[in-house]
Structure formats: C-alpha cells, structure tokens
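target.txt (compact mmCIF, C-alpha atoms) appears below.
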# COMPACT_ATOMS: atom_id res chain seq x y z
CA MET A 1 15.50 -12.96 41.01
CA PRO A 2 16.31 -12.36 37.31
CA LYS A 3 13.72 -10.43 35.40
CA THR A 4 11.75 -12.56 32.97
CA HIS A 5 9.52 -11.55 30.08
CA GLU A 6 6.27 -13.27 29.24
CA ARG A 7 4.61 -13.09 25.86
CA ARG A 8 1.13 -11.70 25.93
CA VAL A 9 -1.51 -11.42 23.25
CA ALA A 10 -1.21 -8.07 21.54
CA PRO A 11 -4.46 -6.11 21.23
CA LYS A 12 -5.71 -3.92 18.39
CA ILE A 13 -3.62 -5.24 15.53
CA LEU A 14 -4.71 -4.26 12.04
CA LYS A 15 -6.06 -7.21 10.02
CA THR A 16 -4.43 -7.51 6.57
CA GLN A 17 -3.52 -10.14 4.02
CA THR A 18 -0.38 -10.80 6.09
CA LEU A 19 -2.11 -13.40 8.27
CA HIS A 20 -3.44 -15.14 5.18
CA TYR A 21 0.06 -15.21 3.69
CA VAL A 22 1.39 -16.74 6.88
CA GLU A 23 -1.20 -19.49 6.66
CA GLU A 24 -0.55 -20.01 2.93
CA ILE A 25 3.26 -19.97 3.00
CA ALA A 26 4.11 -21.26 6.46
CA GLY A 27 1.34 -23.85 6.48
CA THR A 28 0.02 -22.91 9.90
CA THR A 29 -3.28 -21.52 11.10
CA SER A 30 -2.31 -21.14 14.74
CA ALA A 31 0.23 -18.33 14.48
CA GLY A 32 -1.35 -15.59 16.53
CA VAL A 33 -0.06 -12.10 17.24
CA THR A 34 1.90 -11.78 20.46
CA GLU A 35 3.79 -8.98 22.13
CA ILE A 36 7.46 -9.61 22.93
CA PRO A 37 10.39 -7.50 24.19
CA LEU A 38 12.20 -5.75 21.38
CA GLU A 39 15.51 -6.88 22.89
CA GLN A 40 14.61 -10.46 21.96
CA ILE A 41 14.86 -9.65 18.22
CA ASP A 42 18.15 -9.74 16.29
CA LEU A 43 17.92 -6.44 14.41
CA ASP A 44 21.36 -6.94 12.83
CA ASN A 45 20.35 -10.02 10.83
CA THR A 46 19.10 -8.57 7.52
CA GLN A 47 18.86 -11.77 5.45
CA PHE A 48 15.26 -11.01 4.46
CA GLU A 49 15.50 -7.22 4.17
CA TYR A 50 15.36 -5.92 0.59
CA ARG A 51 14.90 -2.17 0.85
CA LEU A 52 17.95 -0.17 -0.22
CA ASP A 53 16.76 3.03 1.44
CA PRO A 54 15.00 2.13 4.72
CA ASP A 55 14.01 5.70 5.66
CA LEU A 56 12.27 5.75 9.05
CA ALA A 57 11.10 9.35 9.46
CA ALA A 58 7.51 8.98 8.22
CA LEU A 59 6.99 5.62 9.92
CA VAL A 60 8.34 6.91 13.24
CA GLU A 61 5.78 9.72 13.18
CA SER A 62 3.01 7.28 12.24
CA ILE A 63 3.84 4.93 15.12
CA LYS A 64 4.07 7.84 17.53
CA LYS A 65 0.58 8.91 16.50
CA ASP A 66 -1.27 5.62 15.95
CA GLY A 67 0.93 2.93 17.45
CA GLN A 68 2.11 -0.20 15.64
CA GLN A 69 -0.58 -1.16 13.15
CA LEU A 70 1.01 -4.23 11.57
CA PRO A 71 2.81 -7.13 13.28
CA VAL A 72 6.37 -7.99 12.40
CA ILE A 73 7.03 -11.61 11.41
CA LEU A 74 9.80 -13.49 13.18
CA ARG A 75 11.50 -16.87 12.87
CA GLY A 76 12.88 -19.06 15.64
CA ARG A 77 11.99 -21.22 18.62
CA LYS A 78 13.67 -18.99 21.20
CA PRO A 79 15.33 -15.56 21.40
CA PRO A 80 17.04 -13.95 19.65
CA TYR A 81 14.39 -14.18 16.93
CA GLN A 82 15.20 -13.46 13.29
CA LEU A 83 13.16 -10.85 11.43
CA ILE A 84 11.40 -11.94 8.23
CA CYS A 85 9.15 -8.90 7.77
CA GLY A 86 8.97 -5.57 9.58
CA PHE A 87 12.54 -4.27 9.76
CA ARG A 88 11.47 -0.62 9.57
CA ARG A 89 8.67 -1.15 12.10
CA ALA A 90 11.03 -2.73 14.63
CA ARG A 91 13.68 -0.04 14.16
CA SER A 92 11.10 2.74 14.38
CA ILE A 93 9.77 1.37 17.67
CA LYS A 94 13.32 1.19 18.98
CA ALA A 95 14.00 4.77 17.78
CA ILE A 96 11.12 6.16 19.84
CA GLY A 97 12.15 4.20 22.93
CA GLY A 98 9.59 1.41 22.67
CA ALA A 99 10.27 -1.76 24.64
CA THR A 100 7.92 -4.27 23.03
CA VAL A 101 6.78 -5.17 19.54
CA LYS A 102 3.70 -6.97 18.21
CA ALA A 103 4.81 -10.03 16.30
CA ILE A 104 3.91 -13.31 14.64
CA ILE A 105 6.50 -15.98 15.46
CA LEU A 106 7.08 -18.88 13.06
CA PRO A 107 9.36 -21.48 14.68
CA ASP A 108 10.38 -23.63 11.71
CA ILE A 109 9.81 -21.81 8.40
CA ASP A 110 12.65 -22.48 5.93
CA ASP A 111 14.65 -19.86 4.00
CA GLU A 112 12.77 -20.14 0.70
CA LYS A 113 9.35 -19.80 2.33
CA ALA A 114 10.62 -16.93 4.49
CA HIS A 115 11.83 -15.09 1.39
CA ARG A 116 8.50 -15.71 -0.34
CA LEU A 117 6.61 -14.45 2.71
CA SER A 118 8.76 -11.32 2.88
CA VAL A 119 8.12 -10.59 -0.81
CA LEU A 120 4.35 -11.07 -0.47
CA GLU A 121 4.11 -8.94 2.66
CA ASN A 122 6.07 -6.09 1.10
CA GLU A 123 4.19 -6.26 -2.20
CA GLU A 124 0.88 -6.18 -0.31
CA ARG A 125 1.94 -2.83 1.17
CA LYS A 126 3.44 -1.67 -2.16
CA SER A 127 6.64 -0.79 -0.32
CA LEU A 128 9.24 -2.16 -2.76
CA THR A 129 10.80 -0.30 -5.66
CA ASP A 130 12.30 -2.07 -8.66
CA LEU A 131 15.74 -1.47 -7.15
CA ASP A 132 14.56 -3.13 -3.93
CA ARG A 133 13.34 -6.09 -5.98
CA ALA A 134 16.70 -6.15 -7.75
CA ASN A 135 18.40 -6.25 -4.35
CA ALA A 136 16.17 -9.16 -3.32
CA CYS A 137 17.07 -11.05 -6.51
CA GLN A 138 20.76 -10.46 -5.89
CA ARG A 139 20.49 -11.71 -2.29
CA LEU A 140 18.77 -14.87 -3.48
CA GLN A 141 21.36 -15.32 -6.21
CA LYS A 142 24.14 -15.11 -3.62
CA GLU A 143 22.36 -17.81 -1.64
CA GLY A 144 22.82 -20.09 -4.65
CA LYS A 145 19.37 -19.77 -6.24
CA THR A 146 18.99 -19.97 -10.02
CA GLN A 147 17.02 -17.28 -11.86
CA GLU A 148 14.16 -19.74 -12.28
CA GLU A 149 14.09 -20.39 -8.52
CA ILE A 150 14.30 -16.66 -7.81
CA ALA A 151 11.38 -16.06 -10.19
CA ARG A 152 9.26 -18.54 -8.26
CA ILE A 153 10.05 -16.83 -4.96
CA MET A 154 9.54 -13.32 -6.36
CA GLY A 155 6.32 -14.28 -8.16
CA CYS A 156 7.52 -13.11 -11.57
CA SER A 157 9.07 -14.52 -14.76
CA GLN A 158 12.73 -15.45 -15.28
CA PRO A 159 13.23 -12.65 -17.86
CA GLN A 160 11.91 -10.19 -15.26
CA VAL A 161 14.47 -11.45 -12.74
CA SER A 162 17.18 -10.90 -15.35
CA ARG A 163 15.82 -7.40 -15.93
CA TYR A 164 15.93 -6.61 -12.21
CA LEU A 165 19.52 -7.83 -11.93
CA ARG A 166 20.56 -5.60 -14.82
CA LEU A 167 19.54 -2.59 -12.73
CA LEU A 168 22.36 -3.33 -10.30
CA THR A 169 24.93 -2.92 -13.09
CA LEU A 170 23.73 0.51 -14.22
CA PRO A 171 26.34 3.27 -14.57
CA GLU A 172 26.58 5.06 -11.22
CA PRO A 173 24.88 8.35 -12.32
CA VAL A 174 21.98 6.41 -13.83
CA PHE A 175 21.63 4.21 -10.74
CA ALA A 176 21.59 7.28 -8.47
CA SER A 177 18.97 9.01 -10.63
CA LEU A 178 16.73 5.93 -10.62
CA LYS A 179 17.12 5.53 -6.85
CA LYS A 180 15.99 9.14 -6.35
CA GLY A 181 12.96 8.56 -8.58
CA LYS A 182 14.07 11.06 -11.22
CA ILE A 183 13.84 8.50 -14.04
CA THR A 184 11.88 5.29 -14.56
CA THR A 185 13.16 1.73 -14.73
CA ALA A 186 12.53 1.56 -18.49
CA GLN A 187 14.47 4.79 -19.00
CA ALA A 188 17.33 3.56 -16.81
CA LEU A 189 17.62 0.32 -18.78
CA ALA A 190 17.59 2.30 -22.03
CA LEU A 191 20.60 4.19 -20.69
CA LYS A 192 22.43 1.00 -19.77
CA VAL A 193 24.99 1.20 -22.55
CA THR A 194 28.65 0.33 -22.76
CA ASP A 195 31.50 2.81 -22.87
CA GLU A 196 32.38 1.50 -26.35
CA LEU A 197 29.16 3.03 -27.71
CA TYR A 198 28.89 6.27 -25.74
CA SER A 199 31.25 8.37 -23.70
CA ALA A 200 30.45 9.43 -20.14
CA GLU A 201 29.73 12.90 -21.53
CA TYR A 202 27.05 11.58 -23.89
CA LEU A 203 25.54 9.43 -21.15
CA LEU A 204 25.21 12.41 -18.81
CA GLU A 205 23.70 14.42 -21.64
CA PHE A 206 20.95 11.82 -22.12
CA LEU A 207 20.45 11.54 -18.37
CA HIS A 208 20.01 15.30 -17.89
CA ARG A 209 17.49 15.39 -20.75
CA LEU A 210 15.51 12.64 -19.10
CA GLU A 211 15.48 14.34 -15.71
CA LYS A 212 14.21 17.59 -17.22
CA GLU A 213 11.86 16.29 -19.92
CA ASN A 214 9.18 13.62 -19.85
CA LEU A 215 10.72 11.45 -22.57
CA SER A 216 9.55 7.90 -23.20
CA SER A 217 12.11 5.12 -23.29
CA ARG A 218 11.43 4.69 -27.02
CA THR A 219 12.12 8.37 -27.68
CA LEU A 220 15.32 8.05 -25.69
CA GLU A 221 16.40 5.01 -27.70
CA ARG A 222 15.79 6.91 -30.95
CA MET A 223 17.89 9.82 -29.64
CA MET A 224 20.70 7.46 -28.69
CA LYS A 225 20.63 5.71 -32.07
CA ALA A 226 20.78 9.08 -33.81
CA LYS A 227 23.72 10.11 -31.65
CA LYS A 228 25.46 6.80 -32.34
CA LYS A 229 24.92 7.20 -36.09
CA THR A 230 26.29 10.74 -36.00
CA LYS A 231 29.27 9.64 -33.96
CA SER A 232 30.09 6.62 -36.12
CA GLY A 233 29.89 8.77 -39.23
CA THR A 234 32.76 10.97 -38.07
CA LYS A 235 36.18 9.81 -39.31
CA ALA A 236 37.94 11.01 -36.19
CA ASP A 237 35.74 8.77 -34.06
CA ARG A 238 36.23 5.62 -36.11
CA VAL A 239 38.23 2.74 -34.65
CA TYR A 240 40.30 0.81 -37.18
CA PHE A 241 42.24 -1.48 -34.84
CA LYS A 242 41.18 -3.58 -31.88
CA ARG A 243 43.59 -5.02 -29.31
CA THR A 244 43.25 -8.80 -28.81
CA LYS A 245 45.28 -11.43 -26.96
CA GLN A 246 47.03 -12.21 -30.23
CA GLY A 247 47.87 -8.57 -31.01
CA PHE A 248 46.07 -5.88 -33.00
CA LYS A 249 43.26 -6.85 -35.34
CA LEU A 250 42.15 -4.75 -38.32
CA ILE A 251 38.46 -3.83 -38.19
CA GLY A 252 36.51 -3.48 -41.43
CA PHE A 253 35.88 0.08 -42.61

Kindly transcribe the structure held in the file into structure tokens.
Amino acid sequence: MPKTHERRVAPKILKTQTLHYVEEIAGTTSAGVTEIPLEQIDLDNTQFEYRLDPDLAALVESIKKDGQQLPVILRGRKPPYQLICGFRRARSIKAIGGATVKAIILPDIDDEKAHRLSVLENEERKSLTDLDRANACQRLQKEGKTQEEIARIMGCSQPQVSRYLRLLTLPEPVFASLKKGKITTAQALALKVTDELYSAEYLLEFLHRLEKENLSSRTLERMMKAKKKTKSGTKADRVYFKRTKQGFKLIGF
C-alpha cells in the first residue's frame, strides 16, 4: 500500500496579524492552520520571495529551540503547493531535518492578492529592508505591473516605488555597502551619480567617508557639490567637445 499523508490541525501556533491579513486579503474566514508534509511544498518557486539575503542561521536556532511559531502561507488546491509567505521558515525546517510544516492553505488566491499578502506579512514582522522592497517592486514590474499598481500592492506611493527601483541601479560598491548596512538608503541615493559628474575614485572617496563618519545625506550632497565645483573649475578637467550621432559638438565655455 502506498504511504499517504493526512493533514492534521497544527497545535500551538502563535497568533499574529497574519490570520487577519488572510481574512482581509483572501476574503476567507475559514482558513485554519494545518500541518502538512514539507515534501508537498514547491520550495523552488520563489515568485513571492523578496528577500535578497535569506540568511537562515538565526531562524534555524530559533526553530530548534522553540519550534515553528508562525505558519507559512501556501497557494493551491493540491500538492505541490506554492509558497506565498514563509520561505525562510520552510527552508529552516528542512535544514534541521523536519518533515512537516504548519501552514495556511489558500486554494484560489490570485497573484496580486498573494503579493499584497506577502508584503503585509513581511512588514508585520519588520523583516524587509529597502533593498528587499526594491526587489519586490522589480519582480512586480517584470510581471507587467505599472508603478501605480505596484504602489497599491506595496502600500506606498508611486514616487516611493520609483525611489525603491533606483536602488537597484546603484553603482556596485554603493549597492554592496547598502546591502551590508554600512550606509543608509538616503545616503546611497545621494551617491547615485553618473560617471560624467564624478570618477570612480571620487565615488569611493565619498563612500569611505560615509562608512567611517556619521554624515547626513544633506552633508554628503554639499560635499559632492563642492567637489563638483572644484573639479569643474579646473581647466584640465573641462570638456569642450561632445560626441553626437552627427559628429562632434562644441560645448559652451
């Protein structure tokens, strides 16, 4: 006889806003927490995962000590289920050899509501960085969403969505420093300048100052303007011609 798995009600699950979000977004009040085999979840489908650095170490230790405290949220009518929320929880349970996971299963939730639910659940736990939010915006953009639609899903304004997306075009050293938490988002955006204004050497100089000193973004902008003024005032640095499709164009002195 083939071995079958039966869902059973999972005991001792921590009550949070998650269940309220499920009711609000998915429009159901009957989605209870069940316990299902981990093998019935498609861990490779990351459509609703936003974290750029899904470190598991601390969570693995927490689950070893206290067990799974929050349910994951799944989508589908039958296995393999798709994860909406709880990627790190599911992977951590798998890493310690766990066989089952506590979950809420939503059979018919659509993509937009699933994205909204994932955002709300992560924001409730304060687990997303601005780079994670930027990654979420980019994923939604690739799915064909406009910035206005993304703003509605993310629960922010359209200019904020644009600001998040700008983070993904930061110069590599600035992006790496922001990802490591050495500088703030405002400082990173202040450093988002073009090569026509500052050389890589100048950019690294500003970046190192930021990492060592507690400079505000406004102070940084003043430093950069002063550097730009100094640079543009040097004859050797002036550019008199600009290449165009029609040839070289004379630039005003």

Exercise. Near Glu121 in chain A, counting all atoms listed in the file, which residues have an atom at most 9 Å away, once you skip same-chain residues fewer than 2 positions from it, shown as number ranges by chain?
Worked result: A: 17-18, 21, 85, 116-119, 123-126

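For Phe87 in chain A, the non-local neighbours within 8 Å, defined as residues at least 5 positions apart in the same chain or in other chains and counting only C-alpha atoms, are Leu43, Glu49 and Val72 of chain A.
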
For this session: Determine, counting all atoms listed in the file, which protein, DNA and RNA residues have an atom within 10 Å of an atom of Thr129 in chain A; residues of the same chain fewer than 5 positions away are not included. Present the result as number ranges by chain.
Result: A: 50-53, 123, 134-135, 178-179, 181, 185

For this session: Would you work out the distance separating CA of Cys156 in chain A from CA of Val22 in chain A, expressed in Å to one decimal?
Result: 19.8 Å

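Between CA of Lys78 in chain A and CA of Glu23 in chain A lies a distance of 20.8 Å.
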
Problem set entry | Selected residue, from A:Leu215, A:Arg222, A:Gln40, A:Lys192, that lies nearest to Thr100 in chain A when counting all atoms listed in the file | A:Gln40

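Residues in contact range of Asp55 in chain A, defined as at most 12 Å between only C-alpha atoms, with sequence neighbours fewer than 4 positions away removed, read Arg51, Leu59, Val60, Glu61, Phe87, Arg88, Arg89, Arg91, Ser92 and Ser127 of chain A.
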
For this session: Mind checking which residues fall within 8 Å of Leu170 in chain A, counting only C-alpha atoms, ignoring those fewer than 5 positions away in the same chain, and posting them as a PyMOL selection string?
Result: chain A and resi 175+188-189+192

Problem set entry | Distance criterion (all atoms listed in the file): nearest to Gln69 in chain A out of A:Met223, A:Ala103, A:Leu38, A:Ala95 |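 The answer is A:Ala103, which sits nearest to Gln69 in chain A.
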
For this session: Work out how far CA of Ile73 in chain A is from CA of Ile96 in chain A, in Å to one decimal.
Result: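 These atoms are spaced 20.1 Å apart.
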
Missing atoms in range 109-120 of chain A should be modelled up to all heavy atoms and reported as a compact mmCIF listing (two decimals), in the coordinates of the input.
# COMPACT_ATOMS: atom_id res chain seq x y z
N ILE A 109 9.91 -22.13 9.82
CA ILE A 109 9.81 -21.81 8.40
C ILE A 109 11.21 -21.80 7.76
O ILE A 109 12.16 -21.28 8.34
CB ILE A 109 9.10 -20.44 8.20
CG1 ILE A 109 8.84 -20.18 6.72
CG2 ILE A 109 9.89 -19.32 8.85
CD1 ILE A 109 7.95 -18.96 6.47
N ASP A 110 11.34 -22.41 6.56
CA ASP A 110 12.65 -22.48 5.93
C ASP A 110 12.96 -21.19 5.16
O ASP A 110 12.11 -20.31 5.02
CB ASP A 110 12.77 -23.71 5.01
CG ASP A 110 11.77 -23.68 3.85
OD1 ASP A 110 11.45 -22.58 3.34
OD2 ASP A 110 11.31 -24.77 3.43
N ASP A 111 14.19 -21.09 4.65
CA ASP A 111 14.65 -19.86 4.00
C ASP A 111 13.79 -19.48 2.80
O ASP A 111 13.40 -18.33 2.63
CB ASP A 111 16.10 -20.00 3.54
CG ASP A 111 17.09 -19.86 4.68
OD1 ASP A 111 16.66 -19.59 5.82
OD2 ASP A 111 18.30 -20.01 4.44
N GLU A 112 13.51 -20.46 1.92
CA GLU A 112 12.77 -20.14 0.70
C GLU A 112 11.37 -19.62 1.01
O GLU A 112 10.92 -18.63 0.43
CB GLU A 112 12.68 -21.37 -0.21
CG GLU A 112 11.99 -21.08 -1.53
CD GLU A 112 12.17 -22.17 -2.57
OE1 GLU A 112 13.19 -22.89 -2.51
OE2 GLU A 112 11.29 -22.30 -3.44
N LYS A 113 10.69 -20.26 1.96
CA LYS A 113 9.35 -19.80 2.33
C LYS A 113 9.42 -18.45 3.03
O LYS A 113 8.53 -17.61 2.85
CB LYS A 113 8.68 -20.83 3.23
CG LYS A 113 8.26 -22.11 2.51
CD LYS A 113 7.58 -23.08 3.45
CE LYS A 113 7.12 -24.34 2.72
NZ LYS A 113 6.46 -25.31 3.64
N ALA A 114 10.47 -18.22 3.81
CA ALA A 114 10.62 -16.93 4.49
C ALA A 114 10.83 -15.82 3.47
O ALA A 114 10.26 -14.73 3.60
CB ALA A 114 11.79 -16.98 5.47
N HIS A 115 11.64 -16.08 2.45
CA HIS A 115 11.83 -15.09 1.39
C HIS A 115 10.51 -14.81 0.68
O HIS A 115 10.17 -13.65 0.41
CB HIS A 115 12.86 -15.60 0.37
CG HIS A 115 14.28 -15.34 0.76
ND1 HIS A 115 14.79 -14.06 0.91
CD2 HIS A 115 15.31 -16.19 1.00
CE1 HIS A 115 16.09 -14.14 1.23
NE2 HIS A 115 16.41 -15.41 1.30
N ARG A 116 9.79 -15.86 0.35
CA ARG A 116 8.50 -15.71 -0.34
C ARG A 116 7.54 -14.89 0.51
O ARG A 116 6.83 -14.01 0.00
CB ARG A 116 7.91 -17.08 -0.67
CG ARG A 116 6.58 -17.05 -1.41
CD ARG A 116 6.71 -16.39 -2.75
NE ARG A 116 5.45 -16.33 -3.47
CZ ARG A 116 5.09 -15.34 -4.28
NH1 ARG A 116 5.91 -14.32 -4.49
NH2 ARG A 116 3.93 -15.35 -4.89
N LEU A 117 7.49 -15.17 1.80
CA LEU A 117 6.61 -14.45 2.71
C LEU A 117 6.99 -12.98 2.79
O LEU A 117 6.13 -12.10 2.78
CB LEU A 117 6.67 -15.09 4.10
CG LEU A 117 5.77 -14.50 5.18
CD1 LEU A 117 4.31 -14.54 4.75
CD2 LEU A 117 5.96 -15.26 6.49
N SER A 118 8.29 -12.70 2.83
CA SER A 118 8.76 -11.32 2.88
C SER A 118 8.36 -10.56 1.62
O SER A 118 7.91 -9.41 1.67
CB SER A 118 10.28 -11.28 3.06
OG SER A 118 10.74 -9.94 3.14
N VAL A 119 8.50 -11.22 0.46
CA VAL A 119 8.12 -10.59 -0.81
C VAL A 119 6.63 -10.28 -0.82
O VAL A 119 6.20 -9.16 -1.14
CB VAL A 119 8.48 -11.50 -2.00
CG1 VAL A 119 7.84 -10.97 -3.29
CG2 VAL A 119 9.99 -11.60 -2.16
N LEU A 120 5.81 -11.25 -0.46
CA LEU A 120 4.35 -11.07 -0.47
C LEU A 120 3.92 -9.96 0.49
O LEU A 120 3.07 -9.13 0.14
CB LEU A 120 3.66 -12.38 -0.09
CG LEU A 120 3.62 -13.46 -1.17
CD1 LEU A 120 3.12 -14.77 -0.58
CD2 LEU A 120 2.75 -13.04 -2.34
